[in-house]
$ cat input-v4.csv   # CSV, C-alpha atoms
chain,number,residue,atom,x,y,z
A,1,MET,CA,0.0,0.0,0.0
A,2,ILE,CA,1.3,3.5,-0.9
A,3,MET,CA,1.5,5.5,2.3
A,4,THR,CA,0.1,9.1,1.8
A,5,TRP,CA,1.4,12.1,3.7
A,6,ARG,CA,-1.7,11.8,5.9
A,7,HIS,CA,-0.7,8.3,7.0
A,8,GLY,CA,2.8,9.5,7.8
A,9,PHE,CA,1.4,12.5,9.8
A,10,VAL,CA,-0.9,10.3,11.9
A,11,MET,CA,2.0,7.9,12.6
A,12,LEU,CA,4.2,10.8,13.6
A,13,LEU,CA,1.5,12.1,16.1
A,14,ALA,CA,1.1,8.6,17.5
A,15,LEU,CA,4.9,8.2,18.0
A,16,VAL,CA,5.2,11.6,19.7
A,17,LEU,CA,2.4,10.7,22.1
A,18,VAL,CA,4.0,7.4,23.3
A,19,LEU,CA,7.6,8.7,23.6
A,20,ASP,CA,8.9,8.7,27.2
A,21,GLU,CA,9.5,12.1,28.7
A,22,ARG,CA,13.2,12.7,29.0
A,23,GLN,CA,15.6,15.6,29.1
A,24,ALA,CA,17.0,16.4,25.7
A,25,ASP,CA,20.7,15.7,25.3
A,26,GLY,CA,21.2,19.1,23.6
A,27,ALA,CA,19.7,21.1,26.5
A,28,VAL,CA,22.1,23.7,28.1
A,29,SER,CA,22.7,22.5,31.7
A,30,ALA,CA,22.4,25.0,34.6
A,31,GLU,CA,26.2,24.7,35.1
A,32,VAL,CA,27.0,25.7,31.5
A,33,GLN,CA,24.4,28.4,31.5
A,34,LYS,CA,26.2,29.9,34.5
A,35,LEU,CA,29.5,29.8,32.7
A,36,ILE,CA,28.0,31.4,29.6
A,37,HIS,CA,26.4,34.2,31.7
A,38,GLN,CA,29.8,34.8,33.4
A,39,ALA,CA,31.5,35.0,30.1
A,40,ASN,CA,29.0,37.4,28.6
A,41,LEU,CA,29.5,39.8,31.5
A,42,ASN,CA,33.0,40.5,29.9
A,43,GLY,CA,31.7,40.7,26.3
A,44,PRO,CA,31.4,41.5,23.6
A,45,TYR,CA,34.0,39.3,21.9
A,46,VAL,CA,35.6,38.7,18.5
A,47,GLY,CA,34.9,35.1,17.6
A,48,LEU,CA,37.9,33.3,15.9
A,49,VAL,CA,36.5,30.2,14.1
A,50,ILE,CA,39.2,27.7,13.0
A,51,PRO,CA,38.6,24.4,11.1
A,52,ASN,CA,41.2,22.1,12.7
A,53,LEU,CA,43.6,21.7,15.6
A,54,PHE,CA,46.7,22.0,13.4
A,55,GLU,CA,45.4,25.4,12.3
A,56,LEU,CA,44.4,26.4,15.9
A,57,SER,CA,47.5,25.3,17.7
A,58,PRO,CA,49.9,27.9,16.2
A,59,LEU,CA,47.6,30.7,17.5
A,60,LEU,CA,47.4,29.1,20.9
A,61,ARG,CA,51.2,29.2,21.0
A,62,HIS,CA,51.6,32.7,19.5
A,63,PRO,CA,53.0,35.4,21.9
A,64,ASN,CA,50.3,37.8,20.8
A,65,PHE,CA,47.6,35.6,22.2
A,66,THR,CA,47.0,35.6,26.0
A,67,SER,CA,44.8,32.9,27.3
A,68,THR,CA,42.5,33.8,30.2
A,69,ASN,CA,42.5,30.1,31.2
A,70,PHE,CA,38.7,30.0,30.9
A,71,THR,CA,37.0,27.5,28.6
A,72,ILE,CA,33.5,26.3,28.2
A,73,PRO,CA,33.0,22.8,26.7
A,74,PHE,CA,29.6,22.4,25.1
A,75,SER,CA,28.0,20.3,22.4
A,76,GLY,CA,31.3,18.7,21.3
A,77,ARG,CA,33.1,22.0,21.1
A,78,ARG,CA,35.5,23.8,23.4
A,79,PHE,CA,35.1,27.6,23.6
A,80,ARG,CA,38.5,29.1,24.6
A,81,PHE,CA,38.7,32.6,25.9
A,82,GLY,CA,41.6,35.0,25.6
A,83,ILE,CA,43.0,38.4,24.5
A,84,ILE,CA,44.7,39.5,21.3
A,85,GLY,CA,46.0,43.0,21.6
A,86,GLU,CA,43.2,44.8,23.4
A,87,LYS,CA,40.5,42.6,22.0
A,88,ARG,CA,38.7,39.9,24.0
A,89,VAL,CA,38.4,36.8,21.8
A,90,ILE,CA,36.7,33.4,21.8
A,91,LEU,CA,38.5,30.6,19.9
A,92,VAL,CA,36.5,27.6,18.7
A,93,MET,CA,37.4,24.7,16.4
A,94,THR,CA,34.7,23.6,13.9
A,95,GLY,CA,36.0,20.3,12.4
A,96,LEU,CA,35.8,19.4,8.8
A,97,SER,CA,32.8,20.3,6.5
A,98,LEU,CA,30.1,22.9,5.9
A,99,ILE,CA,27.8,21.3,8.5
A,100,ASN,CA,30.3,21.4,11.3
A,101,ALA,CA,31.3,24.9,10.5
A,102,GLY,CA,27.7,26.0,10.4
A,103,ILE,CA,26.8,24.3,13.7
A,104,THR,CA,29.8,25.8,15.4
A,105,THR,CA,29.3,29.3,14.1
A,106,GLN,CA,25.6,29.2,15.1
A,107,LEU,CA,26.5,28.0,18.6
A,108,LEU,CA,29.1,30.8,19.0
A,109,LEU,CA,26.6,33.5,17.9
A,110,THR,CA,23.7,32.1,20.0
A,111,LEU,CA,25.5,31.6,23.2
A,112,PHE,CA,27.9,34.5,23.4
A,113,LYS,CA,28.0,38.3,22.8
A,114,ILE,CA,29.9,38.5,19.5
A,115,GLU,CA,30.8,41.7,17.8
A,116,GLY,CA,32.5,40.1,14.8
A,117,VAL,CA,33.8,36.9,13.4
A,118,VAL,CA,37.2,36.1,11.9
A,119,HIS,CA,37.7,32.7,10.2
A,120,TYR,CA,41.1,31.5,9.0
A,121,GLY,CA,42.7,28.3,7.8
A,122,ILE,CA,44.3,26.8,4.7
A,123,ALA,CA,42.6,26.2,1.4
A,124,GLY,CA,43.1,24.7,-2.1
A,125,ASN,CA,43.8,27.2,-4.9
A,126,ALA,CA,41.8,27.6,-8.1
A,127,ASN,CA,43.6,30.7,-9.3
A,128,PRO,CA,46.7,29.9,-11.4
A,129,SER,CA,48.2,33.3,-10.8
A,130,LEU,CA,48.6,32.7,-7.1
A,131,ASN,CA,51.1,30.4,-5.3
A,132,ILE,CA,51.4,28.1,-2.4
A,133,GLY,CA,51.7,30.1,0.8
A,134,ASP,CA,49.9,33.1,-0.5
A,135,VAL,CA,47.3,34.4,2.0
A,136,THR,CA,44.0,35.3,0.3
A,137,ILE,CA,41.2,37.4,1.7
A,138,PRO,CA,38.1,37.2,-0.6
A,139,GLN,CA,35.5,39.9,-0.8
A,140,TYR,CA,32.7,37.4,-1.6
A,141,TRP,CA,32.0,33.7,-0.7
A,142,SER,CA,29.7,31.1,-2.2
A,143,GLN,CA,28.6,27.6,-1.5
A,144,THR,CA,29.0,25.7,-4.8
A,145,SER,CA,28.0,22.2,-3.9
A,146,LEU,CA,24.2,22.9,-3.7
A,147,TRP,CA,23.1,21.5,-7.1
A,148,TYR,CA,20.0,20.8,-9.1
A,149,TRP,CA,20.9,17.6,-11.0
A,150,GLN,CA,19.0,17.7,-14.3
A,151,ARG,CA,17.4,14.6,-15.7
A,152,TYR,CA,19.0,13.0,-18.8
A,153,GLY,CA,17.3,14.4,-21.9
A,154,ASP,CA,16.6,17.8,-20.6
A,155,GLY,CA,18.7,20.8,-21.5
A,156,PRO,CA,19.4,24.4,-20.7
A,157,LEU,CA,16.1,25.6,-22.2
A,158,ASP,CA,14.0,23.1,-20.2
A,159,GLU,CA,12.4,24.6,-17.0
A,160,LEU,CA,13.5,22.9,-13.8
A,161,ALA,CA,11.0,21.2,-11.5
A,162,LEU,CA,9.6,23.7,-9.0
A,163,GLU,CA,11.5,26.5,-10.8
A,164,SER,CA,8.3,28.4,-11.3
A,165,ASN,CA,7.7,28.3,-7.5
A,166,GLY,CA,11.1,29.9,-6.9
A,167,ASP,CA,12.6,26.8,-5.4
A,168,TYR,CA,15.3,26.3,-8.1
A,169,THR,CA,16.9,28.5,-10.7
A,170,ARG,CA,18.9,28.5,-13.9
A,171,GLU,CA,20.3,32.0,-13.4
A,172,ILE,CA,23.6,31.2,-11.7
A,173,GLY,CA,24.9,28.7,-14.2
A,174,LEU,CA,25.4,25.0,-15.1
A,175,LEU,CA,28.0,22.4,-15.3
A,176,LYS,CA,27.6,20.2,-18.4
A,177,PHE,CA,29.3,16.9,-18.0
A,178,ALA,CA,29.5,16.2,-21.7
A,179,ASN,CA,32.0,19.0,-21.9
A,180,PHE,CA,34.5,16.9,-19.9
A,181,THR,CA,34.2,13.6,-21.9
A,182,THR,CA,37.5,12.2,-22.9
A,183,ASN,CA,38.9,9.1,-24.7
A,184,VAL,CA,35.4,8.1,-25.9
A,185,THR,CA,34.8,7.4,-29.6
A,186,ALA,CA,31.6,5.4,-29.5
A,187,CYS,CA,29.4,8.2,-28.1
A,188,PRO,CA,28.7,11.7,-29.3
A,189,SER,CA,30.9,14.2,-27.5
A,190,ASP,CA,27.9,16.4,-26.6
A,191,ASP,CA,26.1,13.6,-24.7
A,192,ASN,CA,26.6,12.2,-21.2
A,193,LEU,CA,24.1,10.3,-19.0
A,194,LEU,CA,25.2,12.6,-16.1
A,195,ASN,CA,23.7,15.5,-18.1
A,196,ASN,CA,23.9,18.8,-16.3
A,197,VAL,CA,23.9,20.3,-12.8
A,198,TRP,CA,22.7,23.8,-12.1
A,199,TYR,CA,24.2,25.8,-9.2
A,200,GLN,CA,21.7,26.9,-6.6
A,201,PRO,CA,21.6,29.7,-4.0
A,202,GLU,CA,21.1,28.9,-0.4
A,203,GLU,CA,17.8,29.7,1.4
A,204,VAL,CA,18.5,32.1,4.2
A,205,PHE,CA,16.2,33.4,7.0
A,206,PRO,CA,17.7,36.7,8.4
A,207,ILE,CA,16.9,37.5,12.0
A,208,ASP,CA,15.6,40.9,10.9
A,209,GLY,CA,13.2,39.4,8.3
A,210,ALA,CA,9.8,37.8,8.7
A,211,PRO,CA,10.1,34.3,10.3
A,212,GLU,CA,9.9,31.4,7.9
A,213,GLN,CA,10.0,33.8,4.9
A,214,ARG,CA,13.0,32.7,2.9
A,215,GLN,CA,15.4,34.8,0.9
A,216,HIS,CA,18.2,33.5,-1.4
A,217,ALA,CA,21.9,34.1,-1.3
A,218,PHE,CA,24.7,32.8,-3.5
A,219,TRP,CA,27.5,35.4,-3.3
A,220,VAL,CA,27.8,36.6,0.4
A,221,PRO,CA,30.0,39.7,0.9
A,222,VAL,CA,32.3,40.0,3.9
A,223,ASP,CA,32.0,43.0,6.1
A,224,SER,CA,33.0,46.1,4.1
A,225,LYS,CA,34.9,47.7,7.0
A,226,TYR,CA,36.8,44.5,7.7
A,227,PHE,CA,37.7,44.2,4.0
A,228,ARG,CA,39.0,47.7,3.9
A,229,THR,CA,41.2,46.9,6.9
A,230,ALA,CA,42.4,43.8,5.2
A,231,LYS,CA,43.6,45.8,2.2
A,232,THR,CA,46.0,47.7,4.6
A,233,VAL,CA,47.9,44.5,5.4
A,234,GLU,CA,48.6,43.5,1.8
A,235,ASP,CA,52.2,44.7,2.2
A,236,LEU,CA,52.7,42.4,5.3
A,237,LYS,CA,56.0,40.5,5.0
A,238,LEU,CA,55.4,36.7,5.3
A,239,GLU,CA,57.9,34.0,6.2
A,240,GLY,CA,58.9,32.0,3.1
A,241,CYS,CA,61.1,29.4,4.8
A,242,LEU,CA,60.7,26.9,7.6
A,243,ASN,CA,64.5,26.6,7.9
A,244,SER,CA,67.6,27.0,5.8
A,245,THR,CA,66.6,24.1,3.5
A,246,ALA,CA,62.8,24.1,3.5
A,247,CYS,CA,61.6,27.2,1.5
A,248,LEU,CA,58.7,28.0,-0.8
A,249,ASP,CA,59.6,28.5,-4.4
A,250,GLU,CA,57.8,31.9,-4.5
A,251,LYS,CA,57.8,34.4,-1.7
A,252,PRO,CA,54.3,34.3,-0.2
A,253,LYS,CA,52.2,37.4,-0.1
A,254,VAL,CA,48.9,38.7,1.4
A,255,VAL,CA,46.3,39.5,-1.3
A,256,THR,CA,42.7,40.5,-1.3
A,257,VAL,CA,40.8,38.7,-4.1
A,258,GLN,CA,37.3,38.9,-5.5
A,259,ARG,CA,35.8,35.5,-4.6
A,260,GLY,CA,36.3,32.3,-2.7
A,261,THR,CA,34.0,29.2,-2.6
A,262,SER,CA,33.3,26.2,-0.4
A,263,GLY,CA,31.6,22.8,-0.8
A,264,SER,CA,31.4,19.5,1.1
A,265,ILE,CA,34.0,18.2,-1.4
A,266,PHE,CA,37.8,17.9,-1.2
A,267,LEU,CA,38.7,19.3,-4.6
A,268,ASP,CA,41.7,17.5,-6.2
A,269,ASN,CA,40.6,17.7,-9.8
A,270,ALA,CA,42.3,20.0,-12.3
A,271,ALA,CA,39.4,20.1,-14.8
A,272,TYR,CA,36.8,21.1,-12.2
A,273,ARG,CA,39.3,23.6,-10.6
A,274,SER,CA,39.7,25.3,-14.0
A,275,PHE,CA,36.0,25.3,-14.6
A,276,ILE,CA,35.0,27.0,-11.4
A,277,TYR,CA,37.9,29.5,-11.8
A,278,SER,CA,36.7,30.5,-15.3
A,279,LYS,CA,33.0,30.3,-14.4
A,280,PHE,CA,33.1,32.2,-11.0
A,281,ASN,CA,36.6,33.7,-10.8
A,282,VAL,CA,37.3,32.1,-7.4
A,283,SER,CA,40.7,31.8,-5.8
A,284,PRO,CA,40.6,29.8,-2.5
A,285,VAL,CA,38.4,26.7,-2.4
A,286,ASP,CA,37.6,25.0,1.0
A,287,MET,CA,35.0,23.1,2.9
A,288,GLU,CA,33.9,25.5,5.7
A,289,SER,CA,34.0,29.2,4.9
A,290,ALA,CA,30.8,29.7,3.0
A,291,SER,CA,28.8,28.1,5.8
A,292,LEU,CA,30.2,30.6,8.3
A,293,ALA,CA,29.5,33.4,5.8
A,294,LEU,CA,25.8,32.3,5.4
A,295,ILE,CA,25.3,32.0,9.2
A,296,CYS,CA,26.8,35.5,9.8
A,297,LEU,CA,24.7,36.9,7.0
A,298,GLN,CA,21.5,35.6,8.6
A,299,GLN,CA,22.6,36.7,12.1
A,300,ARG,CA,23.7,40.1,10.8
A,301,VAL,CA,27.2,39.8,12.4
A,302,PRO,CA,30.2,41.2,10.5
A,303,PHE,CA,32.8,38.7,9.4
A,304,ILE,CA,35.9,38.2,7.3
A,305,ILE,CA,37.7,35.1,6.1
A,306,ILE,CA,41.4,34.5,5.6
A,307,ARG,CA,42.7,31.5,3.8
A,308,ALA,CA,46.3,30.5,3.1
A,309,LEU,CA,46.8,28.5,-0.1
A,310,SER,CA,48.2,25.1,0.5
A,311,ASN,CA,48.0,23.5,-3.0
A,312,LEU,CA,46.8,24.0,-6.5
A,313,ALA,CA,43.7,21.9,-6.5
A,314,GLY,CA,44.2,19.0,-8.8
A,315,GLY,CA,47.9,19.6,-9.4
A,316,GLY,CA,49.6,21.2,-12.4
A,317,SER,CA,53.0,22.3,-11.2
A,318,ALA,CA,56.1,21.0,-9.3
A,319,GLU,CA,54.8,22.3,-6.0
A,320,SER,CA,51.1,21.8,-6.6
A,321,ASN,CA,50.3,19.5,-3.8
A,322,GLU,CA,52.8,20.5,-1.1
A,323,ILE,CA,49.9,20.7,1.4
A,324,VAL,CA,51.9,19.7,4.5
A,325,GLU,CA,54.9,21.9,3.7
A,326,ALA,CA,52.8,25.0,3.0
A,327,ASN,CA,50.9,24.6,6.3
A,328,THR,CA,54.1,24.1,8.3
A,329,CYS,CA,55.7,27.2,6.8
A,330,MET,CA,52.7,29.4,7.4
A,331,GLN,CA,53.3,31.6,10.5
A,332,PRO,CA,50.2,33.4,11.5
A,333,ALA,CA,50.3,37.2,11.7
A,334,VAL,CA,47.8,37.8,14.5
A,335,ALA,CA,45.7,40.9,14.2
A,336,VAL,CA,42.1,41.6,15.0

$ encode --input "input-v4.csv" --output "structure tokens"
Amino acid sequence: MIMTWRHGFVMLLALVLVLDERQADGAVSAEVQKLIHQANLNGPYVGLVIPNLFELSPLLRHPNFTSTNFTIPFSGRRFRFGIIGEKRVILVMTGLSLINAGITTQLLLTLFKIEGVVHYGIAGNANPSLNIGDVTIPQYWSQTSLWYWQRYGDGPLDELALESNGDYTREIGLLKFANFTTNVTACPSDDNLLNNVWYQPEEVFPIDGAPEQRQHAFWVPVDSKYFRTAKTVEDLKLEGCLNSTACLDEKPKVVTVQRGTSGSIFLDNAAYRSFIYSKFNVSPVDMESASLALICLQQRVPFIIIRALSNLAGGGSAESNEIVEANTCMQPAVAV
């Protein structure tokens, strides 16, 4: 028997009614609430959101960071409190992926008084004019792994399902798989069963908008004041050597760029790297930044994102995949 939505709704109600009453695991305990209240008395803070421990550890050891020896563990995260210069800061590690970055950023902004967010880490590179070790600060971020995968047989002129409702769009652009067919002689070069994917914007629900009334966002701008400040550090001198024998081939630099992009994909494919660079003019590619940008957009919190290039995604030069070396040589210049 085919179950209708009504059957499913009735079963959901029945299930809810018979569930045992219990405290939700995600509830904020009285002890943690007390710690959060204590922390917020000293706010507001700048939130420093970092993907991994190997990117967090250099900051914890940096002489410009002073720990207050106050931490709040909550929901699998550890919120570390300290001071950089004259700014009170909260450091938190996200873990890999858009989902983890989004959850962590939302927790940070929900629990604490935050005046701005700085996100930094390493990233792949899609821009052939930049080099390993270069530190990029994009003005815009997008999430390019939200796709509408079009059925085989339909093409660019065919309306997408639910497009008329505003759910999906053909305005941002498509990736046609047939354009990347190689070493195939039995099939026409303009045909591929994977057909096309259309890039989609995220649905966003800003805190100053009507509840449950969606808006759409694809390119999310960083805070304009933060970006102007970032331009003033483009002449910052960066370390190019780990020691007398381990040096980058090109002297690294700080550069503001137009765009960066994220997806829940580790990009190590030269063809796709070249495609998104020519299509969207992106430089850094990573797996977290756009999620933070989208959360800050909805919460109306200023943010900026800094990514040091660790590899040319998909290879293409002698030093294209020196991820470990690039990360080891990168010494953070701490400024908030």

$ atom_distance --input "input-v4.csv" --atom1 "atom CA of His37 of chain A" --atom2 "atom CA of Phe112 of chain A"
8.4 Å

$ residues_around --input "input-v4.csv" --residues "Trp198 of chain A" --least-positions-apart "4" --cutoff "6 Å" --atoms "all atoms listed in the file" --output "count of residues only"
4

$ closest_residue --input "input-v4.csv" --among "A:Thr136, A:Thr169, A:Asn42, A:Thr144" --to "Gln258 of chain A" --atoms "all atoms listed in the file"
A:Thr136

$ closest_residue --input "input-v4.csv" --among "A:Ile137, A:Leu292, A:Leu267, A:Val255" --to "Leu98 of chain A" --atoms "only C-alpha atoms"
A:Leu292

$ closest_atom_pairs --input "input-v4.csv" --of "segment 145-217 of chain A" --to "segment 269-272 of chain A" --cutoff "12 Å" --atoms "all atoms listed in the file" --output "JSON lines"
{"residue": "A:Leu175", "atom": "CA", "partner": "A:Tyr272", "partner_atom": "CA", "distance": 9.4}
{"residue": "A:Lys176", "atom": "CA", "partner": "A:Tyr272", "partner_atom": "CA", "distance": 11.1}
{"residue": "A:Phe177", "atom": "CA", "partner": "A:Tyr272", "partner_atom": "CA", "distance": 10.4}
{"residue": "A:Asn179", "atom": "CA", "partner": "A:Ala271", "partner_atom": "CA", "distance": 10.3}
{"residue": "A:Phe180", "atom": "CA", "partner": "A:Ala271", "partner_atom": "CA", "distance": 7.8}
{"residue": "A:Thr181", "atom": "CA", "partner": "A:Ala271", "partner_atom": "CA", "distance": 10.9}
{"residue": "A:Thr182", "atom": "CA", "partner": "A:Ala271", "partner_atom": "CA", "distance": 11.5}

$ residues_around --input "input-v4.csv" --residues "segment 208-216 of chain A" --least-positions-apart "6" --cutoff "12 Å" --atoms "only C-alpha atoms" --output "PyMOL selection string"
chain A and resi 142-143+166-169+172+200-202+294+297-301

$ write_last_selection --input "input-v4.csv" --atoms "C-alpha atoms" --output "PDB file, in the frame of the given file"
ATOM      1  CA  SER A 142      29.700  31.100  -2.200  1.00  0.00           C
ATOM      2  CA  GLN A 143      28.600  27.600  -1.500  1.00  0.00           C
ATOM      3  CA  GLY A 166      11.100  29.900  -6.900  1.00  0.00           C
ATOM      4  CA  ASP A 167      12.600  26.800  -5.400  1.00  0.00           C
ATOM      5  CA  TYR A 168      15.300  26.300  -8.100  1.00  0.00           C
ATOM      6  CA  THR A 169      16.900  28.500 -10.700  1.00  0.00           C
ATOM      7  CA  ILE A 172      23.600  31.200 -11.700  1.00  0.00           C
ATOM      8  CA  GLN A 200      21.700  26.900  -6.600  1.00  0.00           C
ATOM      9  CA  PRO A 201      21.600  29.700  -4.000  1.00  0.00           C
ATOM     10  CA  GLU A 202      21.100  28.900  -0.400  1.00  0.00           C
ATOM     11  CA  LEU A 294      25.800  32.300   5.400  1.00  0.00           C
ATOM     12  CA  LEU A 297      24.700  36.900   7.000  1.00  0.00           C
ATOM     13  CA  GLN A 298      21.500  35.600   8.600  1.00  0.00           C
ATOM     14  CA  GLN A 299      22.600  36.700  12.100  1.00  0.00           C
ATOM     15  CA  ARG A 300      23.700  40.100  10.800  1.00  0.00           C
ATOM     16  CA  VAL A 301      27.200  39.800  12.400  1.00  0.00           C
TER      17      VAL A 301
END

$ atom_distance --input "input-v4.csv" --atom1 "atom CA of Leu111 of chain A" --atom2 "atom CA of Leu41 of chain A"
12.3 Å

$ residues_around --input "input-v4.csv" --residues "Pro221 of chain A" --least-positions-apart "6" --cutoff "10 Å" --atoms "only C-alpha atoms" --output "CSV table (one decimal) with C-alpha atoms, in the frame of the given file"
chain,number,residue,atom,x,y,z
A,138,PRO,CA,38.1,37.2,-0.6
A,139,GLN,CA,35.5,39.9,-0.8
A,140,TYR,CA,32.7,37.4,-1.6
A,141,TRP,CA,32.0,33.7,-0.7
A,142,SER,CA,29.7,31.1,-2.2
A,227,PHE,CA,37.7,44.2,4.0
A,258,GLN,CA,37.3,38.9,-5.5
A,259,ARG,CA,35.8,35.5,-4.6
A,293,ALA,CA,29.5,33.4,5.8
A,294,LEU,CA,25.8,32.3,5.4
A,297,LEU,CA,24.7,36.9,7.0
A,302,PRO,CA,30.2,41.2,10.5
A,303,PHE,CA,32.8,38.7,9.4
A,304,ILE,CA,35.9,38.2,7.3

$ atom_distance --input "input-v4.csv" --atom1 "atom CA of Gly121 of chain A" --atom2 "atom CA of Ile207 of chain A"
27.7 Å

$ closest_residue --input "input-v4.csv" --among "A:Ser97, A:Asn192, A:Thr245, A:Ser57" --to "Tyr152 of chain A" --atoms "only C-alpha atoms"
A:Asn192

$ residues_around --input "input-v4.csv" --residues "segment 312-315 of chain A" --least-positions-apart "6" --cutoff "9 Å" --atoms "only C-alpha atoms" --output "list in words"
Gly124, Asn125, Ala126, Asn127, Pro128, Leu130, Asn131, Ile132, Phe266, Leu267, Asp268, Asn269, Ala270, Ala271, Tyr272, Arg273, Val285, Asn321 and Glu322 of chain A

$ residues_around --input "input-v4.csv" --residues "segment 68-71 of chain A" --least-positions-apart "3" --cutoff "7 Å" --atoms "only C-alpha atoms" --output "ChimeraX atom specification"
/A:78-82

$ closest_residue --input "input-v4.csv" --among "A:Ser164, A:Thr261, A:Asn243, A:Ser310" --to "Gly133 of chain A" --atoms "only C-alpha atoms"
A:Ser310

$ closest_residue --input "input-v4.csv" --among "A:Gly155, A:Pro252, A:Gly76, A:Gly260" --to "Leu194 of chain A" --atoms "only C-alpha atoms"
A:Gly155
